file model.cif (mmCIF, C-alpha atoms)
data_coords
#
loop_
_atom_site.label_atom_id
_atom_site.label_comp_id
_atom_site.auth_asym_id
_atom_site.auth_seq_id
_atom_site.Cartn_x
_atom_site.Cartn_y
_atom_site.Cartn_z
CA MET A 1 89.07 102.97 161.25
CA VAL A 2 86.04 101.88 163.29
CA LYS A 3 82.78 101.50 161.36
CA LYS A 4 79.63 103.18 162.65
CA GLU A 5 77.88 99.79 163.12
CA GLU A 6 80.70 98.65 165.40
CA LEU A 7 80.07 101.54 167.79
CA LYS A 8 76.47 100.57 168.56
CA GLN A 9 76.07 99.68 172.20
CA ASN A 10 73.88 97.08 173.81
CA TRP A 11 71.30 99.62 174.99
CA GLU A 12 69.17 96.84 176.48
CA LYS A 13 71.70 96.14 179.26
CA ILE A 14 72.47 99.81 179.78
CA ASN A 15 68.76 100.70 179.86
CA SER A 16 68.12 98.08 182.55
CA ILE A 17 70.68 99.83 184.78
CA TYR A 18 69.38 103.31 183.89
CA SER A 19 65.74 102.37 184.48
CA GLN A 20 66.57 101.29 188.06
CA CYS A 21 66.82 105.01 188.80
CA PHE A 22 63.18 105.49 187.92
CA PRO A 23 61.18 102.62 189.46
CA SER A 24 57.91 104.50 189.86
CA LYS A 25 55.28 104.52 187.13
CA LYS A 26 53.83 107.76 188.52
CA GLY A 27 54.66 111.22 187.24
CA ARG A 28 56.43 112.05 184.01
CA SER A 29 57.99 109.34 181.92
CA THR A 30 61.75 108.83 182.05
CA LYS A 31 63.96 110.31 179.38
CA LYS A 32 65.29 107.97 176.73
CA THR A 33 68.49 106.23 177.82
CA ASP A 34 70.44 107.12 174.71
CA MET A 35 69.43 110.78 174.99
CA ALA A 36 70.25 111.12 178.70
CA LEU A 37 73.54 109.22 178.59
CA GLY A 38 74.44 110.70 175.20
CA LEU A 39 74.13 114.19 176.66
CA LEU A 40 76.25 113.23 179.65
CA ILE A 41 78.94 111.91 177.28
CA LEU A 42 78.79 115.10 175.19
CA LYS A 43 79.01 117.17 178.36
CA HIS A 44 82.20 115.37 179.29
CA LEU A 45 83.70 115.56 175.79
CA TYR A 46 83.02 119.24 175.17
CA ARG A 47 83.03 120.51 178.78
CA LYS A 48 79.81 122.42 178.39
CA SER A 49 77.33 123.57 180.98
CA ASP A 50 73.98 121.80 181.05
CA ARG A 51 72.26 124.90 179.67
CA ASP A 52 74.69 125.18 176.74
CA LEU A 53 74.42 121.46 176.08
CA VAL A 54 70.61 121.54 175.83
CA ARG A 55 70.74 124.66 173.65
CA ASP A 56 73.25 122.99 171.32
CA LEU A 57 71.15 119.81 171.20
CA HIS A 58 68.37 121.89 169.64
CA LEU A 59 70.75 123.36 167.04
CA ASN A 60 73.24 120.64 166.15
CA THR A 61 72.03 117.68 164.08
CA SER A 62 75.11 115.66 165.07
CA TYR A 63 74.12 116.01 168.73
CA MET A 64 70.57 114.98 167.85
CA HIS A 65 71.76 111.85 166.05
CA PHE A 66 74.23 110.93 168.80
CA CYS A 67 71.46 111.23 171.40
CA GLY A 68 68.99 109.15 169.40
CA LEU A 69 66.65 112.02 168.51
CA SER A 70 65.15 112.66 165.11
CA TYR A 71 65.26 116.08 163.56
CA SER A 72 61.46 116.13 163.48
CA GLU A 73 61.23 115.50 167.27
CA VAL A 74 63.52 118.43 167.98
CA SER A 75 62.01 120.74 165.36
CA GLU A 76 58.53 120.09 166.79
CA ALA A 77 59.77 120.99 170.28
CA ASN A 78 61.41 124.13 168.84
CA ARG A 79 58.18 125.07 167.05
CA LEU A 80 56.27 124.76 170.33
CA GLY A 81 58.93 126.73 172.21
CA LYS A 82 59.81 123.74 174.39
CA LYS A 83 62.95 121.76 175.10
CA VAL A 84 63.22 118.00 174.56
CA ILE A 85 65.02 117.90 177.92
CA ASN A 86 65.53 120.58 180.54
CA HIS A 87 69.02 121.41 181.85
CA SER A 88 67.86 120.74 185.42
CA THR A 89 66.74 117.26 184.37
CA LEU A 90 70.35 116.39 183.51
CA THR A 91 71.38 117.31 187.05
CA ARG A 92 68.68 115.08 188.52
CA ILE A 93 69.66 112.21 186.22
CA ARG A 94 73.31 112.45 187.32
CA LYS A 95 72.23 112.49 190.97
CA LYS A 96 69.84 109.54 190.55
CA LEU A 97 72.41 107.45 188.67
CA GLY A 98 74.94 107.76 191.46
CA PRO A 99 78.46 106.33 191.38
CA GLU A 100 77.43 102.65 191.57
CA ARG A 101 75.22 102.75 188.49
CA VAL A 102 77.74 104.87 186.59
CA GLU A 103 80.34 102.19 187.34
CA LYS A 104 77.97 99.44 186.11
CA ILE A 105 77.30 101.32 182.88
CA VAL A 106 81.02 101.92 182.33
CA SER A 107 81.62 98.22 182.94
CA VAL A 108 78.96 97.15 180.40
CA VAL A 109 80.28 99.56 177.76
CA THR A 110 83.92 98.59 178.39
CA ARG A 111 83.23 94.82 178.22
CA ASP A 112 81.31 95.31 174.99
CA LEU A 113 84.10 97.36 173.39
CA VAL A 114 86.79 94.88 174.52
CA SER A 115 84.81 91.89 173.23
CA ARG A 116 84.52 93.55 169.82
CA LYS A 117 88.24 94.46 169.91
CA ILE A 118 87.58 98.20 169.54
CA ILE A 119 89.67 98.86 172.67
CA ASP A 120 92.11 96.57 174.46
CA GLY A 121 90.80 97.44 177.93
CA LYS A 122 94.24 97.61 179.53
CA ILE A 123 94.12 101.35 180.20
CA LEU A 124 90.85 103.16 180.78
CA LEU A 125 90.62 106.83 181.73
CA THR A 126 87.29 107.99 183.13
CA ASP A 127 85.72 111.26 184.18
CA THR A 128 84.73 111.49 187.84
CA THR A 129 82.67 114.69 187.65
CA SER A 130 79.48 112.65 187.96
CA LEU A 131 80.62 110.95 191.16
CA GLU A 132 79.74 112.20 194.63
CA LYS A 133 82.40 114.11 196.50
CA ASN A 134 82.60 114.29 200.28
CA ILE A 135 83.63 117.93 200.68
CA ALA A 136 83.03 119.53 204.06
#
call {"tool": "encode", "arguments": {"input": "model.cif", "output": "C-alpha cells"}}
result
Amino acid sequence: MVKKEELKQNWEKINSIYSQCFPSKKGRSTKKTDMALGLLILKHLYRKSDRDLVRDLHLNTSYMHFCGLSYSEVSEANRLGKKVINHSTLTRIRKKLGPERVEKIVSVVTRDLVSRKIIDGKILLTDTTSLEKNIA
C-alpha cells in the first residue's frame, strides 16, 4: 500500500512547465497548478464533462483536497454564488498546455514515481484526449 506522503509530487518542477503557458503579468492571475492539473486528472479518471467536474468540485471534499483547495475557499465561493474555476477555463488551460507541455509534465511525474519505486516505468498508459488532433 502506498502512503499518502509518497504520492506528493514535485509541484515546483511541474509549476515551472505550467507557468510557461501564462507568461504575461497582465489580466487575471493563473489558476493554481494543483487545481488545474488535478481537475484534468479527475476529468480523465471519471470521464466527466468540464461543467460536471466544476460542479462536483464545489460539492465533493475529496475533489477539493485532491485539487489543493480548502473547504473554506470553496464555501466562500459558493456563498458568493461564484465558481473557483469556470468550465471554459479548463478548456483554455488544455489548449494552452498543448501536447509538448503535457508530455513534459508526464515525464516529470513518471520520473518522480519511478525514482520512488511507486511504479516500475516499464509500461505507461496515457490519455490522449488533451492532445491536438489533425481532423479535416
call {"tool": "atom_distance", "arguments": {"input": "model.cif", "atom1": "atom CA of A:His58", "atom2": "atom CA of A:Lys13"}}
result
27.7 Å
call {"tool": "atom_distance", "arguments": {"input": "model.cif", "atom1": "atom CA of A:Glu103", "atom2": "atom CA of A:Ile14"}}
result
11.2 Å
call {"tool": "resolve_selection", "arguments": {"input": "model.cif", "expression": "the PyMOL selection byres ((chain A and resi 121) around 12)", "output": "MDAnalysis selection string"}}
result
chainID A and resid 106:107 109:120 122:125
call {"tool": "resolve_selection", "arguments": {"input": "model.cif", "expression": "the PyMOL selection byres ((chain A and resi 97) around 9)", "output": "list in words"}}
result
Ile17, Tyr18, Gln20, Cys21, Arg92, Ile93, Arg94, Lys95, Lys96, Gly98, Pro99, Glu100, Arg101, Val102 and Ser130 of chain A
call {"tool": "resolve_selection", "arguments": {"input": "model.cif", "expression": "the PyMOL selection byres ((chain A and resi 64-69) around 10)", "output": "list in words"}}
result
Lys32, Thr33, Asp34, Met35, Ala36, Leu37, Gly38, Leu39, Leu40, Ile41, Leu42, Asp56, Leu57, His58, Leu59, Asn60, Thr61, Ser62, Tyr63, Ser70, Tyr71, Ser72, Glu73, Val74 and Val84 of chain A
call {"tool": "atom_distance", "arguments": {"input": "model.cif", "atom1": "atom CA of A:Thr89", "atom2": "atom CA of A:Arg47"}}
result
17.5 Å
call {"tool": "decode", "arguments": {"input": "model.cif", "residues": "stretch 6-103 of chain A", "atoms": "C-alpha atoms", "output": "PDB file, in the first residue's frame"}}
result
ATOM      1  CA  GLU A   6       4.697   9.094  -1.057  1.00  0.00           C
ATOM      2  CA  LEU A   7       2.193  10.402  -3.601  1.00  0.00           C
ATOM      3  CA  LYS A   8       3.183  14.057  -3.222  1.00  0.00           C
ATOM      4  CA  GLN A   9       4.604  15.397  -6.447  1.00  0.00           C
ATOM      5  CA  ASN A  10       7.360  17.888  -7.005  1.00  0.00           C
ATOM      6  CA  TRP A  11       4.974  20.740  -7.820  1.00  0.00           C
ATOM      7  CA  GLU A  12       7.896  23.139  -8.248  1.00  0.00           C
ATOM      8  CA  LYS A  13       9.062  21.432 -11.463  1.00  0.00           C
ATOM      9  CA  ILE A  14       5.532  20.899 -12.716  1.00  0.00           C
ATOM     10  CA  ASN A  15       4.579  24.512 -11.941  1.00  0.00           C
ATOM     11  CA  SER A  16       7.560  25.800 -13.936  1.00  0.00           C
ATOM     12  CA  ILE A  17       6.218  23.957 -17.000  1.00  0.00           C
ATOM     13  CA  TYR A  18       2.618  25.044 -16.334  1.00  0.00           C
ATOM     14  CA  SER A  19       3.553  28.689 -15.780  1.00  0.00           C
ATOM     15  CA  GLN A  20       5.178  28.819 -19.244  1.00  0.00           C
ATOM     16  CA  CYS A  21       1.613  28.851 -20.581  1.00  0.00           C
ATOM     17  CA  PHE A  22       0.930  32.135 -18.838  1.00  0.00           C
ATOM     18  CA  PRO A  23       3.953  34.412 -19.337  1.00  0.00           C
ATOM     19  CA  SER A  24       2.081  37.710 -19.125  1.00  0.00           C
ATOM     20  CA  LYS A  25       1.591  39.512 -15.830  1.00  0.00           C
ATOM     21  CA  LYS A  26      -1.437  41.345 -17.253  1.00  0.00           C
ATOM     22  CA  GLY A  27      -5.027  40.260 -16.780  1.00  0.00           C
ATOM     23  CA  ARG A  28      -6.299  37.709 -14.299  1.00  0.00           C
ATOM     24  CA  SER A  29      -3.892  35.595 -12.320  1.00  0.00           C
ATOM     25  CA  THR A  30      -3.290  31.995 -13.369  1.00  0.00           C
ATOM     26  CA  LYS A  31      -5.100  29.184 -11.649  1.00  0.00           C
ATOM     27  CA  LYS A  32      -3.153  27.151  -9.130  1.00  0.00           C
ATOM     28  CA  THR A  33      -1.198  24.328 -10.759  1.00  0.00           C
ATOM     29  CA  ASP A  34      -2.504  21.636  -8.452  1.00  0.00           C
ATOM     30  CA  MET A  35      -6.104  22.747  -9.001  1.00  0.00           C
ATOM     31  CA  ALA A  36      -5.866  22.957 -12.797  1.00  0.00           C
ATOM     32  CA  LEU A  37      -3.932  19.723 -13.286  1.00  0.00           C
ATOM     33  CA  GLY A  38      -5.876  17.975 -10.525  1.00  0.00           C
ATOM     34  CA  LEU A  39      -9.117  18.735 -12.357  1.00  0.00           C
ATOM     35  CA  LEU A  40      -7.670  17.471 -15.631  1.00  0.00           C
ATOM     36  CA  ILE A  41      -6.666  14.223 -13.895  1.00  0.00           C
ATOM     37  CA  LEU A  42     -10.134  13.863 -12.339  1.00  0.00           C
ATOM     38  CA  LYS A  43     -11.700  14.546 -15.732  1.00  0.00           C
ATOM     39  CA  HIS A  44      -9.710  11.679 -17.197  1.00  0.00           C
ATOM     40  CA  LEU A  45     -10.389   9.305 -14.298  1.00  0.00           C
ATOM     41  CA  TYR A  46     -14.135   9.866 -14.073  1.00  0.00           C
ATOM     42  CA  ARG A  47     -14.847  10.840 -17.705  1.00  0.00           C
ATOM     43  CA  LYS A  48     -16.866  13.882 -16.765  1.00  0.00           C
ATOM     44  CA  SER A  49     -17.667  16.978 -18.736  1.00  0.00           C
ATOM     45  CA  ASP A  50     -15.978  20.197 -17.645  1.00  0.00           C
ATOM     46  CA  ARG A  51     -19.294  21.539 -16.333  1.00  0.00           C
ATOM     47  CA  ASP A  52     -19.954  18.422 -14.238  1.00  0.00           C
ATOM     48  CA  LEU A  53     -16.380  18.438 -12.975  1.00  0.00           C
ATOM     49  CA  VAL A  54     -16.582  22.042 -11.736  1.00  0.00           C
ATOM     50  CA  ARG A  55     -19.990  21.386 -10.168  1.00  0.00           C
ATOM     51  CA  ASP A  56     -18.632  18.316  -8.362  1.00  0.00           C
ATOM     52  CA  LEU A  57     -15.559  20.249  -7.214  1.00  0.00           C
ATOM     53  CA  HIS A  58     -17.910  22.544  -5.294  1.00  0.00           C
ATOM     54  CA  LEU A  59     -19.702  19.590  -3.676  1.00  0.00           C
ATOM     55  CA  ASN A  60     -17.084  16.897  -3.083  1.00  0.00           C
ATOM     56  CA  THR A  61     -14.500  17.456  -0.348  1.00  0.00           C
ATOM     57  CA  SER A  62     -12.285  14.711  -1.810  1.00  0.00           C
ATOM     58  CA  TYR A  63     -12.102  16.652  -5.083  1.00  0.00           C
ATOM     59  CA  MET A  64     -11.294  19.816  -3.141  1.00  0.00           C
ATOM     60  CA  HIS A  65      -8.444  18.133  -1.271  1.00  0.00           C
ATOM     61  CA  PHE A  66      -7.068  16.472  -4.417  1.00  0.00           C
ATOM     62  CA  CYS A  67      -7.039  19.838  -6.194  1.00  0.00           C
ATOM     63  CA  GLY A  68      -5.343  21.648  -3.312  1.00  0.00           C
ATOM     64  CA  LEU A  69      -8.363  23.713  -2.281  1.00  0.00           C
ATOM     65  CA  SER A  70      -9.536  24.260   1.261  1.00  0.00           C
ATOM     66  CA  TYR A  71     -13.150  23.804   2.195  1.00  0.00           C
ATOM     67  CA  SER A  72     -13.292  27.447   3.285  1.00  0.00           C
ATOM     68  CA  GLU A  73     -12.111  28.669  -0.168  1.00  0.00           C
ATOM     69  CA  VAL A  74     -14.847  26.708  -1.898  1.00  0.00           C
ATOM     70  CA  SER A  75     -17.560  27.503   0.648  1.00  0.00           C
ATOM     71  CA  GLU A  76     -16.777  31.234   0.320  1.00  0.00           C
ATOM     72  CA  ALA A  77     -17.115  30.980  -3.468  1.00  0.00           C
ATOM     73  CA  ASN A  78     -20.393  29.078  -3.015  1.00  0.00           C
ATOM     74  CA  ARG A  79     -21.666  31.729  -0.589  1.00  0.00           C
ATOM     75  CA  LEU A  80     -20.917  34.441  -3.146  1.00  0.00           C
ATOM     76  CA  GLY A  81     -22.523  32.421  -5.942  1.00  0.00           C
ATOM     77  CA  LYS A  82     -19.215  32.101  -7.801  1.00  0.00           C
ATOM     78  CA  LYS A  83     -17.081  29.230  -9.027  1.00  0.00           C
ATOM     79  CA  VAL A  84     -13.437  28.753  -8.017  1.00  0.00           C
ATOM     80  CA  ILE A  85     -12.798  27.913 -11.678  1.00  0.00           C
ATOM     81  CA  ASN A  86     -15.046  28.171 -14.716  1.00  0.00           C
ATOM     82  CA  HIS A  87     -15.584  25.180 -17.022  1.00  0.00           C
ATOM     83  CA  SER A  88     -14.416  27.239 -20.010  1.00  0.00           C
ATOM     84  CA  THR A  89     -11.156  27.970 -18.185  1.00  0.00           C
ATOM     85  CA  LEU A  90     -10.348  24.251 -18.199  1.00  0.00           C
ATOM     86  CA  THR A  91     -10.705  24.217 -21.981  1.00  0.00           C
ATOM     87  CA  ARG A  92      -8.341  27.175 -22.319  1.00  0.00           C
ATOM     88  CA  ILE A  93      -5.825  25.556 -19.961  1.00  0.00           C
ATOM     89  CA  ARG A  94      -5.813  22.340 -22.029  1.00  0.00           C
ATOM     90  CA  LYS A  95      -5.334  24.365 -25.214  1.00  0.00           C
ATOM     91  CA  LYS A  96      -2.528  26.493 -23.730  1.00  0.00           C
ATOM     92  CA  LEU A  97      -0.696  23.480 -22.314  1.00  0.00           C
ATOM     93  CA  GLY A  98      -0.521  21.787 -25.692  1.00  0.00           C
ATOM     94  CA  PRO A  99       0.959  18.350 -26.348  1.00  0.00           C
ATOM     95  CA  GLU A 100       4.602  19.325 -25.696  1.00  0.00           C
ATOM     96  CA  ARG A 101       3.991  20.629 -22.188  1.00  0.00           C
ATOM     97  CA  VAL A 102       1.665  17.740 -21.371  1.00  0.00           C
ATOM     98  CA  GLU A 103       4.487  15.386 -22.373  1.00  0.00           C
TER      99      GLU A 103
END
